[in-house]
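Shown next: protein_5.tsv, given as TSV, C-alpha atoms.
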chain	number	residue	atom	x	y	z
A	1	MET	CA	0.00	0.00	0.00
A	2	THR	CA	1.23	3.50	-0.78
A	3	LYS	CA	-0.09	6.98	-0.15
A	4	ALA	CA	1.19	8.24	-3.51
A	5	GLN	CA	-1.84	8.82	-5.70
A	6	HIS	CA	-1.62	7.58	-9.27
A	7	TYR	CA	-5.10	8.85	-10.08
A	8	PRO	CA	-7.24	11.38	-8.19
A	9	PHE	CA	-10.10	9.97	-6.11
A	10	THR	CA	-13.30	11.90	-6.70
A	11	SER	CA	-15.29	10.49	-3.75
A	12	GLY	CA	-17.76	8.85	-6.10
A	13	THR	CA	-18.69	5.18	-6.51
A	14	VAL	CA	-16.31	2.44	-5.37
A	15	LEU	CA	-16.47	-1.08	-6.73
A	16	GLY	CA	-15.74	-3.66	-4.03
A	17	ILE	CA	-14.58	-7.23	-4.75
A	18	GLU	CA	-14.34	-10.00	-2.14
A	19	THR	CA	-12.78	-13.39	-3.03
A	20	SER	CA	-10.90	-14.42	0.10
A	21	CYS	CA	-12.44	-17.87	0.55
A	22	ASP	CA	-15.61	-19.57	-0.71
A	23	GLU	CA	-17.92	-16.64	-1.45
A	24	THR	CA	-17.66	-14.24	-4.37
A	25	GLY	CA	-18.92	-10.83	-3.32
A	26	VAL	CA	-19.28	-7.69	-5.42
A	27	ALA	CA	-20.80	-4.33	-4.44
A	28	LEU	CA	-20.99	-0.64	-5.33
A	29	TYR	CA	-20.72	1.96	-2.58
A	30	HIS	CA	-21.20	5.71	-3.03
A	31	GLY	CA	-19.97	8.17	-0.43
A	32	GLU	CA	-23.23	10.12	-0.29
A	33	ARG	CA	-25.82	7.65	-1.55
A	34	GLY	CA	-24.54	4.63	0.38
A	35	LEU	CA	-24.75	1.09	-0.94
A	36	LEU	CA	-26.04	1.09	-4.52
A	37	ALA	CA	-26.06	-2.65	-5.29
A	38	HIS	CA	-24.45	-5.87	-4.15
A	39	ALA	CA	-24.36	-9.56	-5.04
A	40	VAL	CA	-22.89	-12.64	-3.38
A	41	TYR	CA	-22.36	-16.06	-4.89
A	42	SER	CA	-21.81	-18.86	-2.38
A	43	GLN	CA	-19.75	-21.92	-3.25
A	44	THR	CA	-21.43	-24.05	-0.56
A	45	ASP	CA	-22.83	-26.60	-3.03
A	46	LEU	CA	-19.42	-26.91	-4.70
A	47	HIS	CA	-17.53	-27.69	-1.50
A	48	SER	CA	-20.19	-29.59	0.46
A	49	ARG	CA	-19.39	-32.90	-1.23
A	50	TYR	CA	-15.84	-32.63	0.17
A	51	GLY	CA	-16.84	-31.60	3.69
A	52	GLY	CA	-14.89	-28.32	3.52
A	53	VAL	CA	-13.36	-25.71	1.25
A	54	VAL	CA	-11.05	-27.01	-1.49
A	55	PRO	CA	-8.75	-24.03	-2.26
A	56	GLU	CA	-8.12	-24.86	-5.93
A	57	LEU	CA	-11.82	-25.28	-6.65
A	58	ALA	CA	-12.57	-22.04	-4.81
A	59	SER	CA	-10.08	-20.13	-6.97
A	60	ARG	CA	-11.46	-21.54	-10.21
A	61	ASP	CA	-15.01	-20.68	-9.25
A	62	HIS	CA	-14.02	-17.10	-8.43
A	63	VAL	CA	-12.54	-16.87	-11.93
A	64	ARG	CA	-15.87	-17.94	-13.39
A	65	LYS	CA	-18.17	-15.85	-11.21
A	66	THR	CA	-16.50	-12.52	-10.38
A	67	LEU	CA	-16.76	-10.71	-13.71
A	68	PRO	CA	-20.41	-11.70	-14.33
A	69	LEU	CA	-21.27	-10.48	-10.81
A	70	ILE	CA	-19.58	-7.15	-11.56
A	71	HIS	CA	-21.64	-6.75	-14.73
A	72	GLY	CA	-24.74	-7.64	-12.73
A	73	VAL	CA	-24.28	-5.04	-9.99
A	74	LEU	CA	-23.39	-2.34	-12.53
A	75	ASP	CA	-26.61	-3.08	-14.41
A	76	GLU	CA	-28.68	-3.23	-11.21
A	77	ALA	CA	-27.41	0.16	-10.03
A	78	GLY	CA	-27.59	1.75	-13.46
A	79	VAL	CA	-23.88	2.55	-13.20
A	80	THR	CA	-21.35	2.50	-16.04
A	81	ARG	CA	-17.60	2.15	-15.79
A	82	GLN	CA	-17.30	5.90	-16.33
A	83	ASP	CA	-19.07	6.35	-12.98
A	84	ILE	CA	-16.53	4.25	-11.05
A	85	ALA	CA	-14.19	6.42	-8.97
A	86	GLY	CA	-12.14	3.61	-7.44
A	87	VAL	CA	-11.79	-0.15	-7.08
A	88	ALA	CA	-11.35	-1.97	-3.76
A	89	TYR	CA	-10.54	-5.66	-3.44
A	90	THR	CA	-9.53	-8.04	-0.67
A	91	VAL	CA	-5.81	-8.82	-0.62
A	92	GLY	CA	-5.73	-10.75	2.66
A	93	PRO	CA	-5.93	-12.63	4.83
A	94	GLY	CA	-7.42	-15.68	3.14
A	95	LEU	CA	-6.64	-18.37	0.59
A	96	ALA	CA	-3.75	-17.25	-1.61
A	97	GLY	CA	-5.20	-18.41	-4.92
A	98	ALA	CA	-8.66	-17.04	-4.20
A	99	LEU	CA	-7.21	-13.68	-3.13
A	100	LEU	CA	-5.15	-13.45	-6.31
A	101	VAL	CA	-8.27	-13.80	-8.46
A	102	GLY	CA	-9.90	-10.72	-6.93
A	103	ALA	CA	-6.63	-8.78	-6.76
A	104	ALA	CA	-5.74	-9.47	-10.38
A	105	LEU	CA	-9.18	-8.53	-11.66
A	106	GLY	CA	-9.61	-5.51	-9.37
A	107	ARG	CA	-6.17	-4.07	-10.05
A	108	SER	CA	-6.55	-4.65	-13.79
A	109	LEU	CA	-9.94	-2.95	-13.92
A	110	ALA	CA	-8.59	0.04	-12.00
A	111	TRP	CA	-5.66	0.32	-14.40
A	112	ALA	CA	-7.92	0.01	-17.48
A	113	TRP	CA	-10.42	2.54	-16.11
A	114	GLN	CA	-7.64	4.86	-14.88
A	115	VAL	CA	-9.00	5.09	-11.35
A	116	PRO	CA	-7.26	4.49	-8.02
A	117	ALA	CA	-7.19	1.02	-6.49
A	118	ILE	CA	-6.93	-0.10	-2.87
A	119	GLY	CA	-6.23	-3.50	-1.35
A	120	VAL	CA	-8.47	-4.12	1.67
A	121	HIS	CA	-7.85	-6.21	4.79
A	122	HIS	CA	-10.61	-8.81	4.97
A	123	MET	CA	-11.04	-8.49	8.74
A	124	GLU	CA	-11.18	-4.70	8.56
A	125	GLY	CA	-14.07	-5.22	6.17
A	126	HIS	CA	-15.86	-7.32	8.80
A	127	LEU	CA	-14.96	-4.83	11.52
A	128	LEU	CA	-16.50	-1.95	9.56
A	129	ALA	CA	-19.57	-3.87	8.33
A	130	PRO	CA	-21.83	-2.34	11.04
A	131	MET	CA	-21.07	1.06	9.46
A	132	LEU	CA	-23.31	0.03	6.56
A	133	GLU	CA	-26.38	0.16	8.79
A	134	ALA	CA	-28.70	3.15	9.09
A	135	GLN	CA	-27.57	3.71	12.69
A	136	PRO	CA	-23.87	2.86	12.74
A	137	PRO	CA	-21.87	2.70	15.97
A	138	GLU	CA	-19.72	5.62	17.01
A	139	LEU	CA	-16.03	5.16	17.68
A	140	PRO	CA	-14.33	3.97	19.84
A	141	PHE	CA	-15.54	0.42	20.44
A	142	VAL	CA	-14.46	-3.14	21.11
A	143	ALA	CA	-14.97	-5.47	18.15
A	144	LEU	CA	-15.58	-9.20	18.45
A	145	LEU	CA	-14.68	-10.71	15.07
A	146	VAL	CA	-15.89	-14.30	14.83
A	147	SER	CA	-15.64	-16.17	11.55
A	148	GLY	CA	-14.55	-19.48	10.08
A	149	GLY	CA	-10.92	-18.41	10.09
A	150	HIS	CA	-10.65	-15.83	12.88
A	151	THR	CA	-11.69	-15.20	16.46
A	152	GLN	CA	-10.41	-11.83	17.67
A	153	LEU	CA	-11.18	-9.14	20.19
A	154	VAL	CA	-9.99	-5.79	18.85
A	155	GLN	CA	-9.75	-2.41	20.51
A	156	VAL	CA	-10.84	0.12	17.88
A	157	ALA	CA	-9.91	3.68	18.77
A	158	ALA	CA	-10.41	4.89	15.20
A	159	ILE	CA	-10.32	3.39	11.72
A	160	GLY	CA	-6.83	1.93	11.39
A	161	HIS	CA	-6.06	2.38	15.10
A	162	TYR	CA	-6.41	-1.29	16.00
A	163	ARG	CA	-5.03	-3.28	18.90
A	164	ILE	CA	-5.55	-7.03	19.12
A	165	LEU	CA	-6.66	-7.75	22.69
A	166	GLY	CA	-7.07	-11.48	22.26
A	167	GLU	CA	-7.43	-14.16	19.60
A	168	SER	CA	-7.73	-17.90	19.19
A	169	VAL	CA	-4.58	-19.92	19.82
A	170	ASP	CA	-5.95	-22.85	17.77
A	171	ASP	CA	-9.32	-23.31	16.03
A	172	ALA	CA	-11.34	-20.23	15.21
A	173	VAL	CA	-14.86	-20.35	16.60
A	174	GLY	CA	-16.42	-20.86	13.17
A	175	GLU	CA	-13.98	-23.66	12.45
A	176	ALA	CA	-14.87	-25.28	15.77
A	177	PHE	CA	-18.59	-25.09	14.88
A	178	ASP	CA	-17.96	-26.72	11.50
A	179	LYS	CA	-15.73	-29.48	12.88
A	180	THR	CA	-18.15	-30.27	15.70
A	181	ALA	CA	-21.03	-30.37	13.25
A	182	LYS	CA	-19.05	-32.83	11.14
A	183	LEU	CA	-18.54	-35.03	14.23
A	184	LEU	CA	-22.32	-35.07	14.63
A	185	GLY	CA	-22.83	-35.97	10.98
A	186	LEU	CA	-24.37	-32.63	10.03
A	187	GLY	CA	-22.40	-32.00	6.85
A	188	TYR	CA	-21.01	-28.72	5.52
A	189	PRO	CA	-21.34	-25.85	6.28
A	190	GLY	CA	-21.83	-27.07	9.81
A	191	GLY	CA	-22.27	-23.94	11.92
A	192	PRO	CA	-25.87	-23.07	10.93
A	193	ALA	CA	-26.86	-26.76	11.00
A	194	LEU	CA	-25.46	-27.20	14.52
A	195	ALA	CA	-27.30	-24.07	15.71
A	196	ARG	CA	-30.58	-25.44	14.32
A	197	LEU	CA	-30.01	-28.80	16.03
A	198	ALA	CA	-29.16	-27.05	19.30
A	199	GLU	CA	-32.65	-25.53	19.36
A	200	GLN	CA	-34.01	-29.03	20.00
A	201	GLY	CA	-31.54	-29.77	22.80
A	202	ASP	CA	-32.02	-29.78	26.57
A	203	PRO	CA	-29.90	-26.93	27.99
A	204	GLN	CA	-29.81	-28.57	31.45
A	205	ARG	CA	-28.53	-32.02	30.52
A	206	PHE	CA	-24.83	-31.31	29.93
A	207	HIS	CA	-22.41	-28.63	31.04
A	208	PHE	CA	-19.36	-28.38	28.80
A	209	PRO	CA	-16.20	-26.53	29.91
A	210	ARG	CA	-15.71	-22.84	29.10
A	211	PRO	CA	-12.14	-22.95	27.78
A	212	MET	CA	-9.53	-20.46	29.04
A	213	THR	CA	-12.03	-18.56	31.19
A	214	ASP	CA	-10.49	-19.77	34.46
A	215	ARG	CA	-7.31	-17.78	33.86
A	216	PRO	CA	-6.55	-14.12	33.11
A	217	GLY	CA	-6.34	-12.91	29.54
A	218	LEU	CA	-8.43	-12.50	26.43
A	219	ASP	CA	-7.18	-15.31	24.18
A	220	PHE	CA	-9.44	-18.16	23.05
A	221	SER	CA	-9.05	-21.90	22.54
A	222	PHE	CA	-11.75	-24.11	21.07
A	223	SER	CA	-9.95	-27.28	19.95
A	224	GLY	CA	-10.26	-28.87	23.41
A	225	LEU	CA	-13.99	-28.18	23.44
A	226	LYS	CA	-14.29	-30.02	20.14
A	227	THR	CA	-12.43	-33.00	21.65
A	228	TYR	CA	-14.67	-32.90	24.74
A	229	THR	CA	-17.69	-33.08	22.44
A	230	LEU	CA	-16.27	-36.09	20.60
A	231	ASN	CA	-15.57	-37.91	23.85
A	232	MET	CA	-19.05	-37.18	25.20
A	233	ARG	CA	-20.73	-38.56	22.11
A	234	SER	CA	-18.53	-41.66	22.18
A	235	ARG	CA	-19.51	-42.24	25.81
A	236	ILE	CA	-23.29	-41.78	25.55
A	237	GLY	CA	-23.78	-42.93	21.97
A	238	ALA	CA	-25.45	-41.33	18.99
A	239	SER	CA	-29.18	-40.68	18.87
A	240	PRO	CA	-31.26	-37.73	17.66
A	241	GLN	CA	-31.86	-36.44	21.19
A	242	ASN	CA	-28.32	-37.11	22.39
A	243	ASP	CA	-26.93	-35.21	19.43
A	244	ALA	CA	-29.33	-32.32	19.98
A	245	ASP	CA	-28.37	-32.13	23.67
A	246	ILE	CA	-24.67	-32.24	22.80
A	247	ALA	CA	-25.12	-29.52	20.17
A	248	ARG	CA	-26.93	-27.34	22.73
A	249	ALA	CA	-24.20	-27.83	25.35
A	250	PHE	CA	-21.48	-27.07	22.80
A	251	GLU	CA	-23.19	-23.91	21.59
A	252	GLU	CA	-23.86	-22.74	25.16
A	253	ALA	CA	-20.19	-23.26	26.04
A	254	VAL	CA	-19.00	-21.27	23.02
A	255	VAL	CA	-21.45	-18.43	23.61
A	256	ASP	CA	-20.62	-18.25	27.32
A	257	THR	CA	-16.91	-18.17	26.55
A	258	LEU	CA	-17.31	-15.32	24.06
A	259	LEU	CA	-19.55	-13.44	26.51
A	260	ILE	CA	-17.03	-13.73	29.35
A	261	LYS	CA	-14.17	-12.52	27.16
A	262	CYS	CA	-16.23	-9.60	25.79
A	263	ARG	CA	-16.96	-8.45	29.35
A	264	ARG	CA	-13.25	-8.62	30.16
A	265	ALA	CA	-12.34	-6.65	27.03
A	266	LEU	CA	-14.86	-3.92	27.84
A	267	ARG	CA	-13.54	-3.63	31.39
A	268	HIS	CA	-9.96	-3.62	30.13
A	269	THR	CA	-10.56	-0.78	27.66
A	270	GLY	CA	-13.16	1.15	29.65
A	271	TYR	CA	-15.33	1.25	26.51
A	272	GLN	CA	-19.11	0.92	26.67
A	273	ARG	CA	-19.65	-0.02	23.04
A	274	LEU	CA	-19.30	-3.48	21.47
A	275	ILE	CA	-19.73	-4.63	17.88
A	276	ILE	CA	-19.95	-8.24	16.70
A	277	SER	CA	-19.21	-9.22	13.12
A	278	GLY	CA	-18.15	-12.18	11.01
A	279	GLY	CA	-20.09	-15.29	10.03
A	280	VAL	CA	-20.63	-16.53	13.60
A	281	GLY	CA	-22.00	-13.06	14.41
A	282	ALA	CA	-25.24	-14.26	12.78
A	283	ASN	CA	-25.70	-16.89	15.52
A	284	GLN	CA	-28.97	-16.01	17.24
A	285	ARG	CA	-28.06	-17.36	20.69
A	286	LEU	CA	-24.88	-15.27	20.69
A	287	ARG	CA	-26.86	-12.18	19.69
A	288	GLN	CA	-29.50	-12.76	22.36
A	289	ARG	CA	-26.97	-13.24	25.15
A	290	LEU	CA	-24.88	-10.24	24.18
A	291	ARG	CA	-27.99	-8.10	23.79
A	292	ALA	CA	-29.05	-9.09	27.30
A	293	MET	CA	-25.59	-8.27	28.62
A	294	GLY	CA	-25.75	-4.87	26.97
A	295	ALA	CA	-29.11	-4.10	28.51
A	296	SER	CA	-28.06	-5.13	32.02
A	297	GLU	CA	-24.63	-3.50	31.96
A	298	THR	CA	-25.36	-0.32	29.94
A	299	VAL	CA	-23.27	-1.45	27.02
A	300	GLU	CA	-24.24	-0.48	23.47
A	301	VAL	CA	-24.17	-3.63	21.31
A	302	TYR	CA	-24.19	-3.47	17.51
A	303	TYR	CA	-24.48	-6.17	14.87
A	304	PRO	CA	-24.54	-5.93	11.10
A	305	ARG	CA	-27.53	-7.61	9.51
A	306	PRO	CA	-26.88	-11.31	8.76
A	307	THR	CA	-26.19	-10.50	5.10
A	308	TRP	CA	-23.16	-8.45	6.16
A	309	CYS	CA	-21.92	-11.06	8.67
A	310	THR	CA	-20.81	-13.53	6.02
A	311	ASP	CA	-18.19	-12.56	3.43
A	312	ASN	CA	-19.52	-9.90	1.06
A	313	GLY	CA	-18.43	-7.16	-1.32
A	314	ALA	CA	-20.31	-4.38	0.49
A	315	MET	CA	-17.94	-4.36	3.46
A	316	ILE	CA	-14.95	-4.30	1.12
A	317	ALA	CA	-16.42	-1.44	-0.95
A	318	TYR	CA	-17.06	0.58	2.23
A	319	ALA	CA	-13.64	-0.07	3.76
A	320	GLY	CA	-12.02	0.71	0.42
A	321	TYR	CA	-13.98	3.94	0.10
A	322	ARG	CA	-12.79	5.12	3.51
A	323	ARG	CA	-9.16	4.44	2.66
A	324	LEU	CA	-9.33	5.93	-0.83
A	325	GLN	CA	-11.02	8.99	0.68
A	326	ALA	CA	-8.07	9.27	3.09
A	327	GLY	CA	-5.64	9.38	0.15
A	328	GLN	CA	-4.38	5.81	0.32
A	329	GLN	CA	-3.87	3.83	-2.86
A	330	GLU	CA	-2.45	0.50	-3.95
A	331	ALA	CA	0.82	0.41	-5.85
A	332	PRO	CA	0.52	-0.78	-9.49
A	333	ILE	CA	1.19	-4.41	-8.57
A	334	ILE	CA	-0.93	-7.52	-8.06
A	335	GLN	CA	-0.38	-9.11	-4.68
A	336	ALA	CA	-2.04	-11.31	-2.09
A	337	ARG	CA	-1.31	-11.32	1.63
A	338	PRO	CA	-2.69	-14.61	3.02
A	339	ARG	CA	-1.35	-13.65	6.48
A	340	TRP	CA	-1.76	-10.03	7.46
A	341	SER	CA	-2.18	-8.48	10.90
A	342	LEU	CA	-4.81	-5.83	11.50
A	343	GLU	CA	-2.34	-3.97	13.70
A	344	THR	CA	-0.09	-3.18	10.72
A	345	LEU	CA	-2.73	-1.14	8.86
A	346	ALA	CA	-2.25	2.55	8.34
A	347	ALA	CA	-4.46	4.79	10.42
A	348	ILE	CA	-7.21	7.02	9.05
A	349	ASP	CA	-7.56	10.27	10.96
A	350	ASP	CA	-10.97	11.86	10.45
Turn the structure described in the file into structure tokens.
Amino acid sequence: MTKAQHYPFTSGTVLGIETSCDETGVALYHGERGLLAHAVYSQTDLHSRYGGVVPELASRDHVRKTLPLIHGVLDEAGVTRQDIAGVAYTVGPGLAGALLVGAALGRSLAWAWQVPAIGVHHMEGHLLAPMLEAQPPELPFVALLVSGGHTQLVQVAAIGHYRILGESVDDAVGEAFDKTAKLLGLGYPGGPALARLAEQGDPQRFHFPRPMTDRPGLDFSFSGLKTYTLNMRSRIGASPQNDADIARAFEEAVVDTLLIKCRRALRHTGYQRLIISGGVGANQRLRQRLRAMGASETVEVYYPRPTWCTDNGAMIAYAGYRRLQAGQQEAPIIQARPRWSLETLAAIDD
């Protein structure tokens, strides 16, 4: 990333492209008019037969789907390429091949259209997704980012002023949901299926451990909880009700753990505002518990709508707009950054 502008940014419409994993997302965001159009193509059917994401297949499908989605959102919004003021695309973190598809197409379009380009951090996109809502949160806040690949608590003083307070030392929470669902024979993607099964479970039957809550700190660990689940099922045997009760106990343990760590992060920072984003942020039990915590402890809690919890182009278009508006631009190269810390991002001072 460089601050040297190759083309002026006119604060108009930004095209956002997201291809970090198994969803192709495209959107158009205008600084004054907001989100103009968006589209997401999910590769769930493609990967479900393998029980998880196959990186090479994901990359190939992005190649097939991204450009048609771009044409679709342009047509839906009534926007032509002459109206595009900048192009934003995810450069990391994520799957290297998938990232390169979006980066190559986004950077090439920006060069052909002679507009500035910006590479966006995928997790900053999630972090800023609540800003797309009609009543966005004010800064500063604590962000709980919970997805298939990441579980992080982030202190957000301003856009780009990020401090990682805690993160998973092994499985991300979304990964733990998917792996546990696979143990229960629920298929892929497992998180939503496990949450549906948990609704039928008895919340009083089992009490699973709340990992790493009996010690100081804000880091997470979910791999042991997954093993505990496997051992419990092996001991009591598989049946529809047993599996539902296990799913309920697992989900309760995860939600409790996240709740405990969010409370600690808020006390640590002194902030009274919390946002939750990422795919697991759509989990209804997590939302209910955090909403109740907010009401009882005078904490403002914000969520993006479920559409903006999963990977999407809208969050990338918005994050890209903010950085282009601040004068940041991508150098004329095509790159992917599969590993990339939020704390290394340049700050935006409003």
Original post:
When distances are computed from only C-alpha atoms, which of A:Glu251, A:Glu175, A:Asp311, A:Glu199 shows the smallest separation from Tyr41 of chain A?
Top reply: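 Result for the nearest residue to Tyr41 of chain A: A:Asp311.
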**OP:** Fewer than 3 positions away in the same chain doesn't count, so skip those; otherwise give me all residues within 12 Å of Ser108 of chain A, counting all atoms listed in the file, as a ChimeraX atom specification.
**Re:** /A:67,86-89,100-105,111-118,330-335
Subject >> Nearest residue to Ala85 of chain A from the set A:His268, A:Leu36, A:Arg215, A:Ala110 (distances using all atoms listed in the file) >> reply: A:Ala110
Original post:
What is the atom CA of Ala198 of chain A-atom CA of Asp22 of chain A distance in Å, reported with one decimal?
Top reply: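 Rounded to one decimal, the two atoms are 25.3 Å apart.
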**OP:** Provide the atom CA of Val156 of chain A to atom CA of Phe141 of chain A distance in Å, to one decimal place.
**Re:**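 Calculated distance between atom CA of Val156 of chain A and atom CA of Phe141 of chain A is 5.4 Å.
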Subject >> Shell around segment 50-59 of chain A at 10 Å using all atoms listed in the file, local window under 3 positions removed, as a PyMOL selection string >> reply: chain A and resi 19-24+43-47+62-64+95-102+178-179+182+186-190
**OP:** Quote the spacing between atom CA of Ile275 of chain A and atom CA of Val73 of chain A in Å to one decimal place.
**Re:**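 Atom CA of Val73 of chain A lies at a distance of 28.2 Å from atom CA of Ile275 of chain A.
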Can you pull out every residue within 10 Å of Tyr228 of chain A, counting all atoms listed in the file, but drop anything in the same chain fewer than 5 positions away, and send it as a CSV table (one decimal) with C-alpha atoms, in the coordinates of the input?
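Contents of result19.csv, freshly written:
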chain,number,residue,atom,x,y,z
A,208,PHE,CA,-19.4,-28.4,28.8
A,209,PRO,CA,-16.2,-26.5,29.9
A,222,PHE,CA,-11.8,-24.1,21.1
A,223,SER,CA,-10.0,-27.3,20.0
A,233,ARG,CA,-20.7,-38.6,22.1
A,234,SER,CA,-18.5,-41.7,22.2
A,250,PHE,CA,-21.5,-27.1,22.8
**OP:** Identify the residues around (-28.3, -10.4, 20.9) within a radius of 12 Å, measuring from all atoms listed in the file in the coordinates stated by the file, and give them as a ChimeraX atom specification.
**Re:** /A:255,259,274-276,281-295,299-305
Would you list the contacts of Thr80 of chain A as a PDB file with C-alpha atoms, keeping the file's coordinate frame, taking every protein, DNA or RNA residue within 12 Å and counting only C-alpha atoms, but skipping same-chain residues closer than 6 positions in sequence?
ATOM      1  CA  THR A  13     -18.690   5.180  -6.510  1.00  0.00           C
ATOM      2  CA  VAL A  14     -16.310   2.440  -5.370  1.00  0.00           C
ATOM      3  CA  LEU A  15     -16.470  -1.080  -6.730  1.00  0.00           C
ATOM      4  CA  LEU A  28     -20.990  -0.640  -5.330  1.00  0.00           C
ATOM      5  CA  ILE A  70     -19.580  -7.150 -11.560  1.00  0.00           C
ATOM      6  CA  HIS A  71     -21.640  -6.750 -14.730  1.00  0.00           C
ATOM      7  CA  GLY A  72     -24.740  -7.640 -12.730  1.00  0.00           C
ATOM      8  CA  VAL A  73     -24.280  -5.040  -9.990  1.00  0.00           C
ATOM      9  CA  LEU A  74     -23.390  -2.340 -12.530  1.00  0.00           C
ATOM     10  CA  TRP A 113     -10.420   2.540 -16.110  1.00  0.00           C
TER      11      TRP A 113
END
**OP:** Could you give me, as a ChimeraX atom specification, the residues within 12 Å of Ala37 of chain A, counting only C-alpha atoms and dropping anything in the same chain fewer than 2 positions from it?
**Re:** /A:13-16,25-30,33-35,39-40,69-79,312-314,317
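Proximity ranking of A:Thr344, A:Gln155, A:Ser48, A:Asn242 relative to His121 of chain A places A:Thr344 first, based on all atoms listed in the file.
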Original post:
Nearest to Thr10 of chain A among A:Asp61, A:Asp171, A:Asp83, A:Glu133, with distances taken over all atoms listed in the file: which residue is it?
Top reply: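 Residue with the minimum atom-to-atom distance to Thr10 of chain A: A:Asp83.
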Original post:
Residues around (-9.9, -1.7, 19.6), cut-off 8 Å, counting only C-alpha atoms - what are they as a list of chain:residue names?
Top reply: A:Pro140, A:Phe141, A:Val142, A:Ala143, A:Leu153, A:Val154, A:Gln155, A:Val156, A:Ala157, A:Ala158, A:His161, A:Tyr162, A:Arg163, A:Ile164, A:Leu165
